[in-house]
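Asker: Below is one structure. I have some questions about it.
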Amino acid sequence: WFDEIGAQPPIEVFEMNKAFLDDTDPIKVSLGIGAFRTEEGKPWVLPVVKQAEKAIVEDPAMNFEYLPILGLESFTNAATRMLVGADSAAWQEKRAFGVQSISGTGALRIAADFLSTVVPNITKIVYISNPTWENHRLLFLLAGFNEVREYRYWDAQKRGLDLQGLVEDLHAAPERSVVILHACAHNPTGVDPTQEQWKKIVEVVKERKLFPVLDSAYQGFASGDPDADAWAVRYFVSQGVEFVCAQSFAKNFGLYNQRVGNLTVVTNNAATIPNLKSQLTIVVRGNYSNPPAHGARIVSAVLNDPTLTEQWKGHIQTMSGRMKAMRGLLREKLEALKTPGSWKHLTDQIGMFAYTGLTVKQCQFLIDRHHIYLLKSGRINVCGISPKNVDHVSKAIYEAVTT
Ligand code: PMP
């Protein structure tokens, strides 16, 4: 059975992380994997998460019974409310609900399966931004989509959004195609549409009758305020657009390996919800039957308690503040070294990632010569920068650009 099977290429970001972990040089720096790091380069367990977890573990009534197929309701409700906003029409009119998922990736897969097998007359063509998080393509192809098309997003010349290209490409899309849009803190470019630009995007989505799959993996990381970061999602709601949105709690709760996610569904007709839930039940049942409980219990405990929610918002400020500070510091050092080119984009971009504009060759140079690990696209996780390693990193980038 197995002799004829060849190998697939490795997944770059995980391969890179392994190379980083295996590297024994103390000077090594990880700018690869998308996880928050403290100034000491260490993972951070959010204090509010620790506190909530302690209460859950010590609760004598806690057990390991199965969750319902669609997940822990106190969690899915809280996650959905955090996204669409308690004051939104969709929430008030009970037109929004959530399905618990295996983190953001699992939410996208539920969305892809649902669109592919349940929603009538979908073209099975999905539009993804160029560039995007590389897993979007694979997820939709494995769910039975026939074609993945890219819409223009990144303008390398101006190191910003190519709105005209984006709108043109979506305009040319066949009706009833699917379009994936990053809700905030676009990965990998760190460039989001402005509110005015979102309005144009929503216009073309409506006009071409495209089905939006929003991807919200970084709510809170763009501006430091989870409500402000949900602006685009809430704008879709306000315009009466039906959509699904994949939410990840990996980054904003630091719950990476707990795999906590939610697929929010917004419908214009609350009467459709029982049928939608029954269909989504089949999708989940046929994938993994029901989700894990631990991480969802933690997020639920935090989001359903105003005091804990405030503490969590403070942690979001800490994380997004550090990212912002490190962008500024790296730019300052590169400019002080008179590194050729403009480095303004480092501070114009937002969120966890900076799209540096470094070439594949320059990235390889940083890895091979300076033990600085980053993706070949030139994407860096700004959390990997610290006041202790910024001189090393900036000098290495200077060398990479000038040799
Ligand atoms: N979407 C985007 C754009 C992402 O960057 C990520 C995380 N790298 C995800 C979804 C999903 O991540 P997770 O499954 O860990 O929640």
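Here's how to read the names in the structure tokens: chain A, B, ... by the order shown, residue numbers from 1 in each chain, ligand numbers from 1 in the order shown.
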If you count only C-alpha atoms, which residues fall within 9 Å of Lys376 of chain A, apart from same-chain ones fewer than 5 positions away, as a ChimeraX atom specification?

Answerer: /A:12,358-364

Asker: As a list in words, please: every protein or nucleic acid residue near ligand 1 (cut-off 6 Å, counting only C-alpha atoms and all ligand atoms).

Answerer: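 The residues within 6 Å of ligand 1, counting only C-alpha atoms and all ligand atoms, are Ser103, Gly104, Thr105, Trp133, Asn187, Asp215, Ala217, Ser248, Ala250 and Tyr256 of chain A.
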
Asker: Residues of the last selection are to be written out with N, CA and C atoms, as a PDB file, in the first residue's frame.

Answerer:
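Writing the result to out15.pdb gives the following:
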```pdb
ATOM      1  N   SER A 103      -9.511  25.505  17.658  1.00  0.00           N
ATOM      2  CA  SER A 103      -8.838  26.781  17.408  1.00  0.00           C
ATOM      3  C   SER A 103      -9.308  27.417  16.085  1.00  0.00           C
ATOM      4  N   GLY A 104      -8.581  28.412  15.618  1.00  0.00           N
ATOM      5  CA  GLY A 104      -9.000  29.136  14.419  1.00  0.00           C
ATOM      6  C   GLY A 104      -8.961  28.246  13.183  1.00  0.00           C
ATOM      7  N   THR A 105      -7.967  27.382  13.125  1.00  0.00           N
ATOM      8  CA  THR A 105      -7.837  26.473  11.977  1.00  0.00           C
ATOM      9  C   THR A 105      -9.076  25.587  11.868  1.00  0.00           C
ATOM     10  N   TRP A 133      -2.035  33.803   5.085  1.00  0.00           N
ATOM     11  CA  TRP A 133      -1.601  32.679   5.927  1.00  0.00           C
ATOM     12  C   TRP A 133      -1.684  31.443   5.047  1.00  0.00           C
ATOM     13  N   ASN A 187      -2.205  38.668   8.398  1.00  0.00           N
ATOM     14  CA  ASN A 187      -1.006  37.828   8.414  1.00  0.00           C
ATOM     15  C   ASN A 187      -0.720  37.390   6.985  1.00  0.00           C
ATOM     16  N   ASP A 215     -11.697  35.889   8.951  1.00  0.00           N
ATOM     17  CA  ASP A 215     -10.732  35.143   9.753  1.00  0.00           C
ATOM     18  C   ASP A 215     -10.187  36.078  10.829  1.00  0.00           C
ATOM     19  N   ALA A 217      -8.021  35.979  13.826  1.00  0.00           N
ATOM     20  CA  ALA A 217      -7.056  35.232  14.656  1.00  0.00           C
ATOM     21  C   ALA A 217      -6.339  36.139  15.649  1.00  0.00           C
ATOM     22  N   SER A 248      -9.926  32.684  16.686  1.00  0.00           N
ATOM     23  CA  SER A 248      -8.909  31.931  17.411  1.00  0.00           C
ATOM     24  C   SER A 248      -8.667  32.590  18.753  1.00  0.00           C
ATOM     25  N   ALA A 250      -5.970  31.435  20.373  1.00  0.00           N
ATOM     26  CA  ALA A 250      -4.574  31.033  20.566  1.00  0.00           C
ATOM     27  C   ALA A 250      -3.731  32.231  20.985  1.00  0.00           C
ATOM     28  N   TYR A 256      -2.341  28.732  22.833  1.00  0.00           N
ATOM     29  CA  TYR A 256      -1.961  28.104  21.558  1.00  0.00           C
ATOM     30  C   TYR A 256      -2.295  26.609  21.490  1.00  0.00           C
TER      31      TYR A 256
END
```

Asker: List the neighbours of segment 218-235 of chain A out to 7 Å using only C-alpha atoms; skip same-chain residues closer than 5 positions along the sequence, and give me the result as a ChimeraX atom specification.

Answerer: /A:83-84,183-185,198,251-252,316-317,320,350-352

Asker: If we count only C-alpha atoms and set the cut-off at 10 Å, which residues sit around Tyr288 of chain A, ignoring sequence neighbours fewer than 6 positions away in its own chain? Please answer as JSON, numbers by chain.

Answerer: {"A": [69, 101, 102]}

Asker: Would you output that residue set with C-alpha atoms, as a PDB file, in the first residue's frame?

Answerer:
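So part_25.pdb came out as:
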```
ATOM      1  CA  ILE A  69     -21.202  18.480  19.628  1.00  0.00           C
ATOM      2  CA  SER A 101     -13.840  24.593  17.127  1.00  0.00           C
ATOM      3  CA  ILE A 102     -10.299  23.262  17.289  1.00  0.00           C
TER       4      ILE A 102
END
```

Asker: Report as a PDB file with N, CA and C atoms, in the first residue's frame all protein, DNA and RNA residues lying within 8 Å of Val178 of chain A, evaluated on only C-alpha atoms, omitting residues in the same chain fewer than 4 positions from it.

Answerer:
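Heads up, here's the output in result-v8.pdb:
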```pdb
ATOM      1  N   ILE A 122     -22.804  27.023  -4.172  1.00  0.00           N
ATOM      2  CA  ILE A 122     -21.495  27.680  -4.001  1.00  0.00           C
ATOM      3  C   ILE A 122     -20.615  27.232  -5.171  1.00  0.00           C
ATOM      4  N   THR A 123     -19.809  28.158  -5.705  1.00  0.00           N
ATOM      5  CA  THR A 123     -19.001  27.791  -6.884  1.00  0.00           C
ATOM      6  C   THR A 123     -17.890  26.801  -6.575  1.00  0.00           C
ATOM      7  N   LYS A 124     -17.528  26.684  -5.290  1.00  0.00           N
ATOM      8  CA  LYS A 124     -16.338  25.909  -4.880  1.00  0.00           C
ATOM      9  C   LYS A 124     -15.053  26.550  -5.380  1.00  0.00           C
ATOM     10  N   ILE A 125     -15.145  27.865  -5.580  1.00  0.00           N
ATOM     11  CA  ILE A 125     -13.942  28.659  -5.825  1.00  0.00           C
ATOM     12  C   ILE A 125     -13.774  29.547  -4.600  1.00  0.00           C
ATOM     13  N   VAL A 126     -12.584  29.542  -4.020  1.00  0.00           N
ATOM     14  CA  VAL A 126     -12.336  30.394  -2.863  1.00  0.00           C
ATOM     15  C   VAL A 126     -11.244  31.402  -3.214  1.00  0.00           C
ATOM     16  N   TYR A 127     -11.475  32.641  -2.842  1.00  0.00           N
ATOM     17  CA  TYR A 127     -10.502  33.715  -3.072  1.00  0.00           C
ATOM     18  C   TYR A 127      -9.728  33.980  -1.781  1.00  0.00           C
ATOM     19  N   LEU A 210     -20.711  37.518  -3.139  1.00  0.00           N
ATOM     20  CA  LEU A 210     -19.660  36.624  -2.652  1.00  0.00           C
ATOM     21  C   LEU A 210     -19.987  36.234  -1.217  1.00  0.00           C
ATOM     22  N   PHE A 211     -19.553  35.042  -0.815  1.00  0.00           N
ATOM     23  CA  PHE A 211     -19.789  34.642   0.572  1.00  0.00           C
ATOM     24  C   PHE A 211     -18.526  34.902   1.388  1.00  0.00           C
ATOM     25  N   PRO A 212     -18.609  35.819   2.379  1.00  0.00           N
ATOM     26  CA  PRO A 212     -17.406  36.140   3.147  1.00  0.00           C
ATOM     27  C   PRO A 212     -17.137  35.164   4.296  1.00  0.00           C
ATOM     28  N   VAL A 213     -15.922  34.649   4.284  1.00  0.00           N
ATOM     29  CA  VAL A 213     -15.415  33.916   5.445  1.00  0.00           C
ATOM     30  C   VAL A 213     -14.400  34.852   6.087  1.00  0.00           C
TER      31      VAL A 213
END
```

Asker: Find the nearest atom pair between each residue of segment 177-204 of chain A and segment 336-348 of chain A for residues within 12 Å, count only C-alpha atoms, give distances in Å to one decimal, sort rows by chain and ascending number, and present the table as a tab-separated table.

Answerer:
```
residue	atom	partner	partner_atom	distance
A:Ala185	CA	A:Asp348	CA	11.8
A:Thr189	CA	A:His345	CA	10.0
A:Gly190	CA	A:Asp348	CA	8.5
A:Val191	CA	A:Asp348	CA	8.0
A:Asp192	CA	A:Asp348	CA	10.3
```

Asker: Please save N, CA and C atoms of the selected residues as a CSV table (one decimal), in the first residue's frame.

Answerer:
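Result file out-v2.csv:
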```
chain,number,residue,atom,x,y,z
A,185,ALA,N,-5.3,42.8,11.7
A,185,ALA,CA,-3.9,42.4,11.8
A,185,ALA,C,-3.6,41.3,10.8
A,189,THR,N,1.1,40.5,6.3
A,189,THR,CA,1.6,41.8,5.9
A,189,THR,C,1.5,42.8,7.0
A,190,GLY,N,0.7,42.6,8.0
A,190,GLY,CA,0.5,43.6,9.1
A,190,GLY,C,-0.2,44.9,8.5
A,191,VAL,N,-0.9,44.7,7.4
A,191,VAL,CA,-1.6,45.9,6.8
A,191,VAL,C,-3.0,45.6,6.6
A,192,ASP,N,-3.9,46.4,7.3
A,192,ASP,CA,-5.3,46.2,7.2
A,192,ASP,C,-5.9,47.3,6.4
```

Asker: Taking a cut-off of 10 Å and counting only C-alpha atoms, can you build a table that, for each residue of segment 61-176 of chain A near segment 302-314 of chain A, reports the nearest atom pair and how far apart they are in Å (one decimal), sorted by chain then residue number, as CSV?

Answerer:
```
residue,atom,partner,partner_atom,distance
A:Ser74,CA,A:Asn304,CA,7.9
A:Phe75,CA,A:Leu303,CA,8.1
A:Asn77,CA,A:Asn304,CA,9.5
A:Ala78,CA,A:Leu303,CA,6.1
A:Ala79,CA,A:Leu303,CA,7.8
A:Arg81,CA,A:Leu303,CA,9.4
A:Met82,CA,A:Leu303,CA,8.0
```

Asker: Restricting it to N, CA and C atoms, dump the selection as an mmCIF file, in the first residue's frame.

Answerer:
```cif
data_model
loop_
_atom_site.group_PDB
_atom_site.id
_atom_site.type_symbol
_atom_site.label_atom_id
_atom_site.label_comp_id
_atom_site.auth_asym_id
_atom_site.auth_seq_id
_atom_site.Cartn_x
_atom_site.Cartn_y
_atom_site.Cartn_z
ATOM 1 N N SER A 74 -21.706 28.358 27.081
ATOM 2 C CA SER A 74 -21.287 29.616 27.729
ATOM 3 C C SER A 74 -20.062 30.190 27.023
ATOM 4 N N PHE A 75 -19.249 29.316 26.439
ATOM 5 C CA PHE A 75 -18.083 29.784 25.677
ATOM 6 C C PHE A 75 -18.489 30.324 24.304
ATOM 7 N N ASN A 77 -21.281 31.427 23.231
ATOM 8 C CA ASN A 77 -22.031 32.688 23.348
ATOM 9 C C ASN A 77 -21.096 33.854 23.651
ATOM 10 N N ALA A 78 -20.186 33.650 24.582
ATOM 11 C CA ALA A 78 -19.268 34.731 24.955
ATOM 12 C C ALA A 78 -18.363 35.102 23.780
ATOM 13 N N ALA A 79 -17.903 34.080 23.048
ATOM 14 C CA ALA A 79 -17.007 34.329 21.914
ATOM 15 C C ALA A 79 -17.745 35.110 20.822
ATOM 16 N N ARG A 81 -20.390 37.007 21.192
ATOM 17 C CA ARG A 81 -20.695 38.362 21.686
ATOM 18 C C ARG A 81 -19.457 39.259 21.617
ATOM 19 N N MET A 82 -18.314 38.678 21.964
ATOM 20 C CA MET A 82 -17.067 39.460 21.925
ATOM 21 C C MET A 82 -16.749 39.910 20.493
#
```

Asker: Taking only C-alpha atoms into account, which of A:Asp3, A:Asp113, A:Glu40, A:Asp391 comes nearest Thr281 of chain A?

Answerer: A:Asp113

Asker: What's around Phe353 of chain A at 6 Å? Count only C-alpha atoms, leave out sequence neighbours fewer than 3 positions away in its own chain, and write the answer as number ranges by chain.

Answerer: A: 190, 380-382

Asker: Suppose we keep N, CA and C atoms; can you now write the selection as a JSON list (two decimals), in the first residue's frame?

Answerer:
```
[["chain", "number", "residue", "atom", "x", "y", "z"],
["A", 190, "GLY", "N", 0.67, 42.61, 8.03],
["A", 190, "GLY", "CA", 0.48, 43.63, 9.06],
["A", 190, "GLY", "C", -0.21, 44.88, 8.52],
["A", 380, "ILE", "N", 8.43, 38.72, 9.82],
["A", 380, "ILE", "CA", 8.99, 38.47, 11.16],
["A", 380, "ILE", "C", 7.90, 38.67, 12.22],
["A", 381, "ASN", "N", 8.04, 37.89, 13.29],
["A", 381, "ASN", "CA", 7.19, 38.10, 14.47],
["A", 381, "ASN", "C", 7.92, 39.12, 15.34],
["A", 382, "VAL", "N", 7.33, 40.30, 15.47],
["A", 382, "VAL", "CA", 8.04, 41.37, 16.18],
["A", 382, "VAL", "C", 8.23, 41.06, 17.68]]
```

Asker: Neighbouring residues of segment 55-61 of chain A were defined as those with any atom within 8 Å, considering only C-alpha atoms; residues of the same chain fewer than 3 positions away were excluded. Please report them as a PDB file with C-alpha atoms, in the first residue's frame.

Answerer:
```pdb
ATOM      1  CA  GLN A  51      -6.315  32.314  37.753  1.00  0.00           C
ATOM      2  CA  ALA A  52      -9.335  31.067  35.814  1.00  0.00           C
ATOM      3  CA  ARG A 297     -13.819  26.666  30.046  1.00  0.00           C
ATOM      4  CA  ILE A 298     -10.993  29.120  30.699  1.00  0.00           C
TER       5      ILE A 298
END
```

Asker: Give the alpha helix (DSSP H) residues of segment 225-336 of chain A, as assigned by DSSP on the backbone, as a PyMOL selection string.

Answerer: chain A and resi 226-229+231-238+273-285+294-303+306-336

Asker: Enumerate, as a PyMOL selection string, the complete set of residues in segment 220-402 of chain A that a backbone-based DSSP assignment places in strand (DSSP E or B).

Answerer: chain A and resi 243-248+260-266+353-355+372-373+379-381

Asker: Restricting the calculation to only C-alpha atoms: of A:Val45, A:Ala293, A:Ile180, A:Leu161, which residue gets closest to Phe64 of chain A?

Answerer: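 For Phe64 of chain A, the nearest of the candidates is A:Ala293.
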